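For reference, the structure is listed below as structure tokens.
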Amino acid sequence: MLSIDTVTVRIAGREILAGASANLPAGRRIGLVGRNGAGKSTLLKVILGELATDGGEVSWPRDWKIGAVAQEAPGGAASLLDTVLAADRERADLLAAAESETDGHRIADIHARLDAIDGYAAPARAASILSGLGFSAAEQSRPCAEFSGGWRMRVALAAILFAAPDLLLLDEPTNYLDLEGLLWLEDFLRRYRGTILIVSHDRDLLNTAVDFILHLEHGKLALYTGGYDTFVATRAAQRAHQAAFAKKQEAARKHMQAFVDRFRAKASKARQAQSRIKMLARMQTVALPVDEHVAPIRIPEPVPASPPLVTMDRVSVGYEPGKPVLAHLSLRFDPDDRIALLGKNGNGKSTFAKLLAGKLGPMGGELTRARKLVPGYFAQHQLEELDGGLTPLETLAVLRPKLPVQALRAQLGGFGFSAAKATTKVASLSGGERARLMLALATLDRPNLLILDEPTNHLDIDARTELLTALNDFAGAVILVSHDRRLLEATADLLMLVADGRVAPFDGDLDDYRRFLLSPGSTATRPAEAAPPAARRDGTDKRRRLKPLKQRANEAEREVVVFAERIRRLDADLAAPDLFARDPAEAAALAKQRAEAARALAAAEARWLQAQDDYESAAAE
């Protein structure tokens, strides 16, 4: 068992962990969740011994081996396979000893131990892990130095998975994976025999690959049984119970206080009043947790355009003349298309996205774009190209210097940037905030074709939910590359597989695709040459049905805000100390207006709640 006992950590005067405690069962998979900045990575560093505590301790069985992904990507001339094999230090030491040992008995002991730890099958096991994470047999023999940083981080992940420590700590392991690698990792973790503590913002992974959720909030830890959805439901029920109890307690407190105020000075009731004063002092106040603000994501309405947006006739695209990455592309994209691109990294998904975005021109064939086509393009590599010395407001102004500052602020506000954040240097923003800035940049021109290449890597679960809602509210076309299955399932009507230099519809859903990946010999699912499935039309129809319901809910919400503001102003006027003495008629008129506004607010709130219920019920169908 991993025991976390009243751990406190302060960094730069801020208390990150405040007496955090939890006992994590051995041999189980635990998902560590919490808002960005809550202290999840800090807790992992404490467990690894990389960060000292200001109080408390962490303990585990003495014979446990603890492992985490190396922070620095491996490099050098060693092959990928050799790099992974070297991660098992015991095996490497035994092999080295076998080479130099001369004593026959000792050699026999060494080989017996190698057999016990399955050392002879290690190369095959290491190759299997590398293959699952996207490396071909030929690539496994190449030096690490030949690969980019992202691919080398996959090697670091492969190494720690191969080492198979008793306690495996994983901090956002999916950031460098595509959907195919994530599906393989999920299957691997489900079969892992040790204890796993994993930080992830991937809701599907937390639902399918873990047994418990460890929630970190306000410096405290709470352990919940089940996956993420079960955790959300359990926590919501707890909060509802707390709220009901707090309401009942407050009513009792007011009743006792009224008795005290009324009878404190009355001799016959003084003793009872004093008794209630003592009860009030002993009564513990239920502290209701404050819901943390989730910054919004609102994509602007697209520029209207008639279909088709893009047509391709035997188009080829690539980077070197005569060496197309993709060829023979004969496709059509319309304003209501919602398409998810599948395929392993290196097969051409990003190349195809760049072609649609106009970042790459066709090498051959005919590509026709609509006259009013406005593409919006988001790609992960663009995060690294942001100028850290500029503010978000300045970043947008550099691209669109003629737009008024108010329009730029409104665009940033739609992606969760307050006035203060809009003028904070990009270098000081979190990864999630920089991702939001890139989304604001991608949608600045009101695109009607939105192309998103891994938009969720730095977004937490709540922000991913905001993006999901925003994409479903968006009236334009969406082309999506993502390893977030929940996002794909909720927003895409058509799956297209990028493989073998082609792009073609995939006949099936993501569950079919998972089986297709994990059972390559199966012919149950395969790329389809037929027309898109009926689900595509169903998804389009559903968004059309939801749009007026969403608009009605938004209008009702605006009415609530208007009436609440009106009541606030009337209350301020009525609070004037001399109003009733100076002008009783005006005071009466204001009071009447206040009562009318209160009735209007109640009616608006009822309409808003009903509209929200209608929208959520229709969205769940």
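Letters A, B, ... go to the chains of the structure tokens in the order shown; residues in each chain start at 1; ligands are counted from 1 in the same order.
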**Asked** Would you give me, as a ChimeraX atom specification, the residues in range 340-519 of chain A that DSSP reads as alpha helix (DSSP H)?
**Response** /A:349-357,392-399,405-413,419-422,431-442,461-473,485-491,510-518
For the selection just defined, write its residues with C-alpha atoms to a file, as a JSON list (two decimals), in the first residue's frame.
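Saved the output as again33.json:
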```
[["chain", "number", "residue", "atom", "x", "y", "z"],
["A", 349, "LYS", "CA", -2.95, 13.13, -40.91],
["A", 350, "SER", "CA", -1.15, 16.43, -40.27],
["A", 351, "THR", "CA", -0.14, 16.65, -43.93],
["A", 352, "PHE", "CA", -3.77, 16.29, -44.95],
["A", 353, "ALA", "CA", -4.80, 18.91, -42.37],
["A", 354, "LYS", "CA", -2.23, 21.34, -43.79],
["A", 355, "LEU", "CA", -3.54, 20.71, -47.31],
["A", 356, "LEU", "CA", -7.09, 21.59, -46.23],
["A", 357, "ALA", "CA", -5.86, 24.65, -44.33],
["A", 392, "PRO", "CA", -2.31, 37.65, -25.89],
["A", 393, "LEU", "CA", -3.78, 41.02, -26.89],
["A", 394, "GLU", "CA", -0.57, 41.99, -28.69],
["A", 395, "THR", "CA", -0.36, 38.54, -30.33],
["A", 396, "LEU", "CA", -3.78, 39.02, -31.95],
["A", 397, "ALA", "CA", -3.03, 42.66, -32.82],
["A", 398, "VAL", "CA", 0.13, 41.67, -34.70],
["A", 399, "LEU", "CA", -1.92, 39.40, -36.98],
["A", 405, "VAL", "CA", -8.85, 46.65, -29.49],
["A", 406, "GLN", "CA", -12.38, 46.02, -28.23],
["A", 407, "ALA", "CA", -12.92, 43.34, -30.91],
["A", 408, "LEU", "CA", -9.63, 41.67, -29.97],
["A", 409, "ARG", "CA", -10.58, 41.72, -26.28],
["A", 410, "ALA", "CA", -13.99, 40.22, -27.10],
["A", 411, "GLN", "CA", -12.31, 37.41, -29.06],
["A", 412, "LEU", "CA", -9.98, 36.66, -26.14],
["A", 413, "GLY", "CA", -12.90, 36.82, -23.71],
["A", 419, "ALA", "CA", -8.76, 41.66, -18.83],
["A", 420, "ALA", "CA", -5.71, 40.86, -16.67],
["A", 421, "LYS", "CA", -4.84, 37.64, -18.53],
["A", 422, "ALA", "CA", -5.18, 39.40, -21.89],
["A", 431, "GLY", "CA", 0.03, 25.35, -21.25],
["A", 432, "GLY", "CA", -3.78, 25.33, -21.18],
["A", 433, "GLU", "CA", -3.92, 29.11, -21.53],
["A", 434, "ARG", "CA", -1.54, 29.04, -24.49],
["A", 435, "ALA", "CA", -3.74, 26.38, -26.12],
["A", 436, "ARG", "CA", -6.76, 28.66, -25.62],
["A", 437, "LEU", "CA", -4.80, 31.52, -27.19],
["A", 438, "MET", "CA", -4.07, 29.35, -30.24],
["A", 439, "LEU", "CA", -7.78, 28.53, -30.51],
["A", 440, "ALA", "CA", -8.56, 32.25, -30.34],
["A", 441, "LEU", "CA", -6.05, 32.86, -33.14],
["A", 442, "ALA", "CA", -7.42, 30.00, -35.26],
["A", 461, "ILE", "CA", -11.03, 17.83, -18.30],
["A", 462, "ASP", "CA", -13.29, 20.84, -17.71],
["A", 463, "ALA", "CA", -11.68, 22.80, -20.55],
["A", 464, "ARG", "CA", -12.05, 19.79, -22.87],
["A", 465, "THR", "CA", -15.75, 19.70, -22.01],
["A", 466, "GLU", "CA", -15.99, 23.42, -22.87],
["A", 467, "LEU", "CA", -14.30, 22.74, -26.22],
["A", 468, "LEU", "CA", -16.65, 19.82, -26.90],
["A", 469, "THR", "CA", -19.69, 22.03, -26.25],
["A", 470, "ALA", "CA", -18.26, 24.85, -28.35],
["A", 471, "LEU", "CA", -17.66, 22.54, -31.32],
["A", 472, "ASN", "CA", -21.19, 21.15, -31.11],
["A", 473, "ASP", "CA", -22.56, 24.72, -31.05],
["A", 485, "ARG", "CA", -12.08, 9.67, -27.79],
["A", 486, "ARG", "CA", -14.82, 11.51, -25.91],
["A", 487, "LEU", "CA", -14.24, 14.58, -28.08],
["A", 488, "LEU", "CA", -14.25, 12.48, -31.25],
["A", 489, "GLU", "CA", -17.36, 10.52, -30.33],
["A", 490, "ALA", "CA", -19.31, 13.62, -29.33],
["A", 491, "THR", "CA", -18.43, 15.84, -32.30],
["A", 510, "LEU", "CA", -14.30, 4.07, -32.53],
["A", 511, "ASP", "CA", -14.97, 0.74, -30.81],
["A", 512, "ASP", "CA", -14.68, -0.95, -34.21],
["A", 513, "TYR", "CA", -11.46, 0.98, -34.82],
["A", 514, "ARG", "CA", -10.05, -0.12, -31.47],
["A", 515, "ARG", "CA", -10.73, -3.77, -32.35],
["A", 516, "PHE", "CA", -9.26, -3.14, -35.78],
["A", 517, "LEU", "CA", -6.04, -1.82, -34.22],
["A", 518, "LEU", "CA", -5.63, -4.45, -31.50]]
```
**Asked** Could you name the residues that touch Asp211 in chain A at 7 Å or less, counting only C-alpha atoms, but leaving out those on the same chain fewer than 3 positions away, as a PyMOL selection string?
**Response** chain A and resi 28-30+225-227
**Atom pair CA of Ala553 in chain A / CA of Trp608 in chain A: separation (Å)** = 5.6 Å
**Request:** Skip range 192-204 of chain A itself and residues of its chain fewer than 3 positions away, then list as a PyMOL selection string all residues within 8 Å of it, counting only C-alpha atoms.
**Result:** chain A and resi 25-33+40+164-174+188-189+207-208+228+459-461+484-486
Per residue of range 287-342 of chain A within 12 Å of range 176-181 of chain A, record the nearest atom pair and its distance in Å to one decimal, counting only C-alpha atoms, with rows in chain order and ascending residue number, as a tab-separated table.
```
residue	atom	partner	partner_atom	distance
A:Ala340	CA	A:Leu179	CA	11.0
A:Leu341	CA	A:Leu179	CA	10.0
A:Leu342	CA	A:Leu179	CA	7.5
```
Export of the given selection (N, CA, C and O atoms) as a tab-separated table (two decimals), in the first residue's frame:
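Heads up, here's the output in again-v4.tsv:
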```tsv
chain	number	residue	atom	x	y	z
A	340	ALA	N	-13.51	13.16	-38.25
A	340	ALA	CA	-12.34	12.83	-37.44
A	340	ALA	C	-11.37	12.02	-38.30
A	340	ALA	O	-11.77	11.05	-38.94
A	341	LEU	N	-10.12	12.42	-38.30
A	341	LEU	CA	-9.09	11.72	-39.06
A	341	LEU	C	-8.39	10.71	-38.15
A	341	LEU	O	-7.88	11.07	-37.07
A	342	LEU	N	-8.38	9.46	-38.55
A	342	LEU	CA	-7.71	8.38	-37.83
A	342	LEU	C	-6.46	7.97	-38.59
A	342	LEU	O	-6.33	8.23	-39.78
```
**Message:** I need the residues in range 20-91 of chain A that are strand (DSSP E) according to DSSP; give them as an MDAnalysis selection string.
**Reply:** chainID A and resid 20:24 29:33 55:59 66:68
Non-local contacts of Gly358 in chain A (10 Å; only C-alpha atoms; under 6 positions in same chain excluded) as a CSV table (one decimal) with N, CA, C and O atoms, in the first residue's frame:
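Produced file out_26.csv, reproduced below:
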```csv
chain,number,residue,atom,x,y,z
A,352,PHE,N,-2.4,16.1,-44.4
A,352,PHE,CA,-3.8,16.3,-45.0
A,352,PHE,C,-4.4,17.5,-44.3
A,352,PHE,O,-5.1,18.3,-45.1
A,369,ARG,N,-11.3,25.4,-54.1
A,369,ARG,CA,-11.8,25.9,-52.8
A,369,ARG,C,-12.9,26.9,-53.1
A,369,ARG,O,-12.9,27.6,-54.1
A,375,PRO,N,-10.6,29.1,-43.8
A,375,PRO,CA,-10.1,28.1,-43.0
A,375,PRO,C,-9.6,28.6,-41.7
A,375,PRO,O,-9.0,29.7,-41.6
A,376,GLY,N,-9.7,27.9,-40.6
A,376,GLY,CA,-9.1,28.2,-39.3
A,376,GLY,C,-8.3,26.9,-38.9
A,376,GLY,O,-8.8,25.8,-38.9
A,377,TYR,N,-7.0,27.1,-38.6
A,377,TYR,CA,-6.1,26.0,-38.4
A,377,TYR,C,-5.4,26.1,-37.0
A,377,TYR,O,-4.9,27.1,-36.6
```
Could you build a table of the residues in range 120-216 of chain A lying no more than 10 Å from range 78-93 of chain A, giving for each the nearest pair of atoms and their separation in Å rounded to one decimal place, using only C-alpha atoms, ordered by chain and ascending residue number, as CSV?
```
residue,atom,partner,partner_atom,distance
A:Tyr120,CA,A:Arg91,CA,9.2
A:Ala122,CA,A:Leu85,CA,7.2
A:Pro123,CA,A:Leu85,CA,6.9
A:Ala124,CA,A:Leu81,CA,9.6
A:Arg125,CA,A:Leu85,CA,9.2
A:Ala126,CA,A:Val84,CA,6.4
A:Ala127,CA,A:Leu81,CA,6.5
A:Ile129,CA,A:Val84,CA,9.2
A:Leu130,CA,A:Leu81,CA,7.8
A:Phe135,CA,A:Leu80,CA,9.0
A:Ala137,CA,A:Leu81,CA,9.5
A:Glu139,CA,A:Leu80,CA,7.6
A:Gln140,CA,A:Leu80,CA,4.9
A:Ser141,CA,A:Ser79,CA,5.1
A:Arg142,CA,A:Ser79,CA,5.0
A:Pro143,CA,A:Ser79,CA,4.1
A:Cys144,CA,A:Leu80,CA,5.7
A:Ala145,CA,A:Ala78,CA,8.2
A:Glu146,CA,A:Ser79,CA,9.6
A:Phe147,CA,A:Leu80,CA,9.7
A:Arg152,CA,A:Leu80,CA,8.7
A:Val155,CA,A:Leu80,CA,6.8
A:Ala156,CA,A:Val84,CA,7.7
A:Leu157,CA,A:Val84,CA,9.0
A:Ala158,CA,A:Val84,CA,6.5
A:Ala159,CA,A:Val84,CA,4.4
A:Ile160,CA,A:Ala87,CA,6.7
A:Leu161,CA,A:Val84,CA,9.0
A:Phe162,CA,A:Val84,CA,6.9
A:Ala163,CA,A:Asp88,CA,4.9
A:Ala164,CA,A:Asp88,CA,8.3
A:Pro165,CA,A:Asp88,CA,9.4
```
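Reported to one decimal place, the separation of CA of Leu2 in chain A from CA of Leu17 in chain A is 17.0 Å.
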**Prompt:** Between CA of Arg566 in chain A and CA of Ala604 in chain A, what is the distance, to one decimal in Å?
**Reply:**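 So the two atoms, CA of Arg566 in chain A and CA of Ala604 in chain A, lie 13.1 Å apart.
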